[in-house]
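**Q** Enclosed is the structure file final28.pdb (PDB, C-alpha atoms).
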MODEL        1
ATOM      1  CA  MET Z   1      22.228 -18.233  51.344
ATOM      2  CA  PRO Z   2      23.754 -19.005  47.913
ATOM      3  CA  ASP Z   3      23.966 -16.194  45.379
ATOM      4  CA  SER Z   4      21.852 -16.181  42.217
ATOM      5  CA  ASP Z   5      24.803 -17.256  40.080
ATOM      6  CA  SER Z   6      25.321 -20.526  41.958
ATOM      7  CA  LEU Z   7      24.332 -23.704  40.164
ATOM      8  CA  GLN Z   8      21.426 -25.871  41.198
ATOM      9  CA  PHE Z   9      21.854 -29.478  40.161
ATOM     10  CA  ASN Z  10      18.776 -31.468  39.104
ATOM     11  CA  PRO Z  11      16.457 -28.432  39.096
ATOM     12  CA  GLU Z  12      12.777 -28.645  38.168
ATOM     13  CA  VAL Z  13      13.563 -26.834  34.896
ATOM     14  CA  ARG Z  14      12.586 -28.610  31.672
ATOM     15  CA  ILE Z  15      13.059 -27.690  28.016
ATOM     16  CA  VAL Z  16      10.347 -28.748  25.590
ATOM     17  CA  LEU Z  17      11.173 -28.916  21.886
ATOM     18  CA  THR Z  18       8.645 -28.676  19.097
ATOM     19  CA  THR Z  19       8.712 -27.532  15.489
ATOM     20  CA  ALA Z  20       6.239 -25.488  13.453
ATOM     21  CA  GLY Z  21       5.792 -25.043   9.729
ATOM     22  CA  SER Z  22       6.321 -21.279   9.900
ATOM     23  CA  ARG Z  23       7.886 -18.652  12.096
ATOM     24  CA  GLU Z  24       4.444 -17.066  12.486
ATOM     25  CA  GLU Z  25       2.883 -20.253  13.858
ATOM     26  CA  ALA Z  26       5.814 -20.859  16.212
ATOM     27  CA  GLY Z  27       5.530 -17.266  17.450
ATOM     28  CA  ARG Z  28       1.787 -17.556  17.988
ATOM     29  CA  ILE Z  29       2.173 -20.814  19.923
ATOM     30  CA  GLY Z  30       5.112 -19.512  21.959
ATOM     31  CA  ARG Z  31       3.400 -16.233  22.846
ATOM     32  CA  THR Z  32       0.194 -18.020  23.896
ATOM     33  CA  LEU Z  33       2.048 -20.487  26.121
ATOM     34  CA  VAL Z  34       4.023 -17.682  27.793
ATOM     35  CA  GLU Z  35       0.886 -15.539  28.235
ATOM     36  CA  GLU Z  36      -0.885 -18.505  29.829
ATOM     37  CA  ARG Z  37       2.140 -19.084  32.106
ATOM     38  CA  LEU Z  38       2.707 -22.629  30.882
ATOM     39  CA  ALA Z  39       6.169 -21.598  29.668
ATOM     40  CA  GLY Z  40       8.393 -18.918  31.136
ATOM     41  CA  CYS Z  41      10.176 -18.336  27.849
ATOM     42  CA  ALA Z  42       9.766 -19.395  24.231
ATOM     43  CA  THR Z  43      12.817 -19.242  21.963
ATOM     44  CA  LEU Z  44      12.245 -19.423  18.206
ATOM     45  CA  LEU Z  45      14.973 -20.760  15.942
ATOM     46  CA  PRO Z  46      13.788 -20.225  12.362
ATOM     47  CA  GLY Z  47      15.410 -21.854   9.381
ATOM     48  CA  VAL Z  48      15.877 -25.413  10.618
ATOM     49  CA  GLU Z  49      15.531 -28.184   8.072
ATOM     50  CA  SER Z  50      13.835 -31.413   9.105
ATOM     51  CA  ILE Z  51      14.118 -34.730   7.265
ATOM     52  CA  TYR Z  52      11.682 -37.386   8.428
ATOM     53  CA  HIS Z  53       9.488 -40.350   7.493
ATOM     54  CA  TRP Z  54       5.822 -39.498   6.954
ATOM     55  CA  ARG Z  55       3.169 -41.786   5.452
ATOM     56  CA  GLY Z  56       5.624 -44.017   3.634
ATOM     57  CA  ALA Z  57       7.842 -41.291   2.199
ATOM     58  CA  ILE Z  58      10.870 -39.340   3.299
ATOM     59  CA  GLU Z  59       9.952 -35.660   3.618
ATOM     60  CA  THR Z  60      12.113 -32.559   3.911
ATOM     61  CA  ASP Z  61      10.691 -29.314   5.289
ATOM     62  CA  ASN Z  62      11.912 -25.943   6.479
ATOM     63  CA  GLU Z  63      10.553 -25.344   9.958
ATOM     64  CA  THR Z  64      10.984 -23.180  13.021
ATOM     65  CA  LEU Z  65      12.233 -24.899  16.164
ATOM     66  CA  LEU Z  66      10.481 -23.733  19.310
ATOM     67  CA  MET Z  67      12.261 -24.210  22.650
ATOM     68  CA  LEU Z  68       9.959 -23.783  25.622
ATOM     69  CA  LYS Z  69      11.370 -23.350  29.129
ATOM     70  CA  THR Z  70       9.089 -24.627  31.856
ATOM     71  CA  GLU Z  71       9.030 -26.712  35.030
ATOM     72  CA  VAL Z  72       8.162 -30.352  35.490
ATOM     73  CA  ASP Z  73       4.804 -29.650  37.143
ATOM     74  CA  GLN Z  74       3.627 -27.708  34.046
ATOM     75  CA  LEU Z  75       4.349 -30.459  31.512
ATOM     76  CA  ASP Z  76       0.899 -32.082  31.330
ATOM     77  CA  ALA Z  77      -0.923 -28.771  30.904
ATOM     78  CA  LEU Z  78       1.705 -27.518  28.451
ATOM     79  CA  HIS Z  79       1.378 -30.698  26.386
ATOM     80  CA  THR Z  80      -2.425 -30.473  26.261
ATOM     81  CA  ARG Z  81      -2.393 -26.809  25.272
ATOM     82  CA  LEU Z  82       0.365 -27.162  22.670
ATOM     83  CA  MET Z  83      -1.542 -29.997  20.996
ATOM     84  CA  ALA Z  84      -4.656 -27.810  20.834
ATOM     85  CA  LEU Z  85      -2.758 -24.832  19.356
ATOM     86  CA  HIS Z  86      -0.633 -26.697  16.798
ATOM     87  CA  SER Z  87      -1.584 -27.184  13.154
ATOM     88  CA  TYR Z  88       0.379 -30.438  12.715
ATOM     89  CA  GLU Z  89      -1.426 -33.756  12.898
ATOM     90  CA  THR Z  90       1.377 -35.141  15.075
ATOM     91  CA  PRO Z  91       3.332 -32.271  16.666
ATOM     92  CA  GLU Z  92       6.734 -32.950  18.151
ATOM     93  CA  PHE Z  93       6.746 -32.773  21.957
ATOM     94  CA  VAL Z  94      10.137 -33.735  23.359
ATOM     95  CA  VAL Z  95      11.033 -32.978  26.972
ATOM     96  CA  LEU Z  96      14.656 -32.505  27.971
ATOM     97  CA  SER Z  97      15.763 -32.646  31.594
ATOM     98  CA  VAL Z  98      18.141 -29.913  32.691
ATOM     99  CA  GLU Z  99      21.133 -31.190  34.612
ATOM    100  CA  ALA Z 100      21.917 -27.826  36.199
ATOM    101  CA  ALA Z 101      20.711 -24.239  36.034
ATOM    102  CA  SER Z 102      21.732 -21.059  37.771
ATOM    103  CA  GLN Z 103      19.735 -20.398  40.898
ATOM    104  CA  GLY Z 104      18.753 -16.974  39.577
ATOM    105  CA  TYR Z 105      17.365 -18.420  36.344
ATOM    106  CA  SER Z 106      15.481 -21.155  38.194
ATOM    107  CA  GLU Z 107      13.928 -18.592  40.534
ATOM    108  CA  TRP Z 108      13.007 -16.309  37.608
ATOM    109  CA  LEU Z 109      11.362 -19.211  35.761
ATOM    110  CA  LYS Z 110       9.353 -20.265  38.820
ATOM    111  CA  ALA Z 111       8.169 -16.671  39.337
ATOM    112  CA  SER Z 112       7.270 -16.300  35.650
ATOM    113  CA  LEU Z 113       5.157 -19.448  35.712
ATOM    114  CA  ALA Z 114       3.444 -18.390  38.939
ATOM    115  CA  GLY Z 115       2.706 -14.872  37.726
ATOM    116  CA  ALA Z 116       4.870 -13.183  40.336
TER     117      ALA Z 116
ENDMDL
END
Before we go any further, please render this structure as structure tokens.

**A**
Amino acid sequence: MPDSDSLQFNPEVRIVLTTAGSREEAGRIGRTLVEERLAGCATLLPGVESIYHWRGAIETDNETLLMLKTEVDQLDALHTRLMALHSYETPEFVVLSVEAASQGYSEWLKASLAGA
């Protein structure tokens, strides 16, 4: 049996990125998604600056980046719930595949999502 530090390639782990207009909103969304076991962990990165097109103009805003760690089978429910919780008209929802993760982390994430 491999130890918990061994790498698993192509695990079920996914990282979802979204931004929020304040650290408070990002924290509220992250906490709710972790409490509801749709994400095993929510990492807030306050102080990011976003430059983007919106309604014919280029906008610049200070935001908080929210990184949500989950598994592939949670993505649909996570997407639906994040859209319901978010104040933005068009929230970012970008899913990143994880090439490899430690076996221990993958097992912890699975247990966190299952409520074990």

**Q** Could you tell me how far atom CA of Z:Thr80 sits from atom CA of Z:Glu59, in Å to one decimal place?

**A**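 Atom CA of Z:Glu59 sits 26.3 Å away from atom CA of Z:Thr80.
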
**Q** Enumerate, as a list in words, the residues matched when the PyMOL selection byres ((chain Z and resi 7) around 7) is run on the file above.

**A** Asp5, Ser6, Gln8, Phe9, Ala100, Ala101, Ser102 and Gln103 of chain Z

**Q** Counting all atoms listed in the file, which residue out of Z:Glu35, Z:Glu25, Z:Glu71, Z:Glu99 sits closest to Z:Val13?

**A**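 Nearest to Z:Val13: Z:Glu71.
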
**Q** Given all atoms listed in the file as the basis, pick out the residue of Z:Cys41, Z:Leu113, Z:Gly104, Z:Thr32 nearest to Z:Lys69.

**A**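 For Z:Lys69, the nearest of the given residues is Z:Cys41.
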
**Q** Which of these, Z:Asp76, Z:Glu107, Z:Ile15, Z:Glu89, has the shortest distance to Z:Trp54 once you count all atoms listed in the file?

**A** Z:Glu89

**Q** Which residues fall under the PyMOL selection byres ((chain Z and resi 95) around 7) in this file, as an NGL selection string?

**A** :Z and (14-17 or 93-94 or 96-97)

**Q** The PyMOL selection byres ((chain Z and resi 31) around 12) on the file shown: which residues, as a compact mmCIF listing (two decimals) with C-alpha atoms, keeping the file's coordinate frame?

**A**
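Once written, result-v4.txt looks like this:
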# COMPACT_ATOMS: atom_id res chain seq x y z
CA ARG Z 23 7.89 -18.65 12.10
CA GLU Z 24 4.44 -17.07 12.49
CA GLU Z 25 2.88 -20.25 13.86
CA ALA Z 26 5.81 -20.86 16.21
CA GLY Z 27 5.53 -17.27 17.45
CA ARG Z 28 1.79 -17.56 17.99
CA ILE Z 29 2.17 -20.81 19.92
CA GLY Z 30 5.11 -19.51 21.96
CA THR Z 32 0.19 -18.02 23.90
CA LEU Z 33 2.05 -20.49 26.12
CA VAL Z 34 4.02 -17.68 27.79
CA GLU Z 35 0.89 -15.54 28.24
CA GLU Z 36 -0.88 -18.50 29.83
CA ARG Z 37 2.14 -19.08 32.11
CA LEU Z 38 2.71 -22.63 30.88
CA ALA Z 39 6.17 -21.60 29.67
CA GLY Z 40 8.39 -18.92 31.14
CA CYS Z 41 10.18 -18.34 27.85
CA ALA Z 42 9.77 -19.40 24.23
CA THR Z 43 12.82 -19.24 21.96
CA LEU Z 44 12.24 -19.42 18.21
CA LEU Z 66 10.48 -23.73 19.31
CA MET Z 67 12.26 -24.21 22.65
CA LEU Z 68 9.96 -23.78 25.62
CA LEU Z 82 0.36 -27.16 22.67
CA LEU Z 85 -2.76 -24.83 19.36

**Q** Rounded to one decimal place, report the atom CA of Z:Gly47-atom CA of Z:Ser112 distance in Å.

**A**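 Computing it gives 28.1 Å between the two atoms.
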
**Q** Could you give me, as an MDAnalysis selection string, the residues that sit within 6 Å of (7.7, -32.8, 16.5) in the file's coordinates, counting all atoms listed in the file?

**A** chainID Z and resid 18:19 91:93

**Q** How many Å lie between atom CA of Z:Ile58 and atom CA of Z:Ala20, rounded to one decimal?

**A**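 Separating atom CA of Z:Ile58 from atom CA of Z:Ala20 is a distance of 17.8 Å.
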
**Q** Of the candidates Z:Ser106, Z:Ser22, Z:Asn10, Z:Ser87, which shows the shortest atom-to-atom distance to Z:Asn62, using only C-alpha atoms?

**A**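 Distance minimum relative to Z:Asn62 lands on Z:Ser22.
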
**Q** Which is closer to Z:Arg55 than all the others in Z:Val72, Z:Met83, Z:Ala77, Z:Thr90, using only C-alpha atoms?

**A**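 So, comparing all the options, the nearest one is Z:Thr90.
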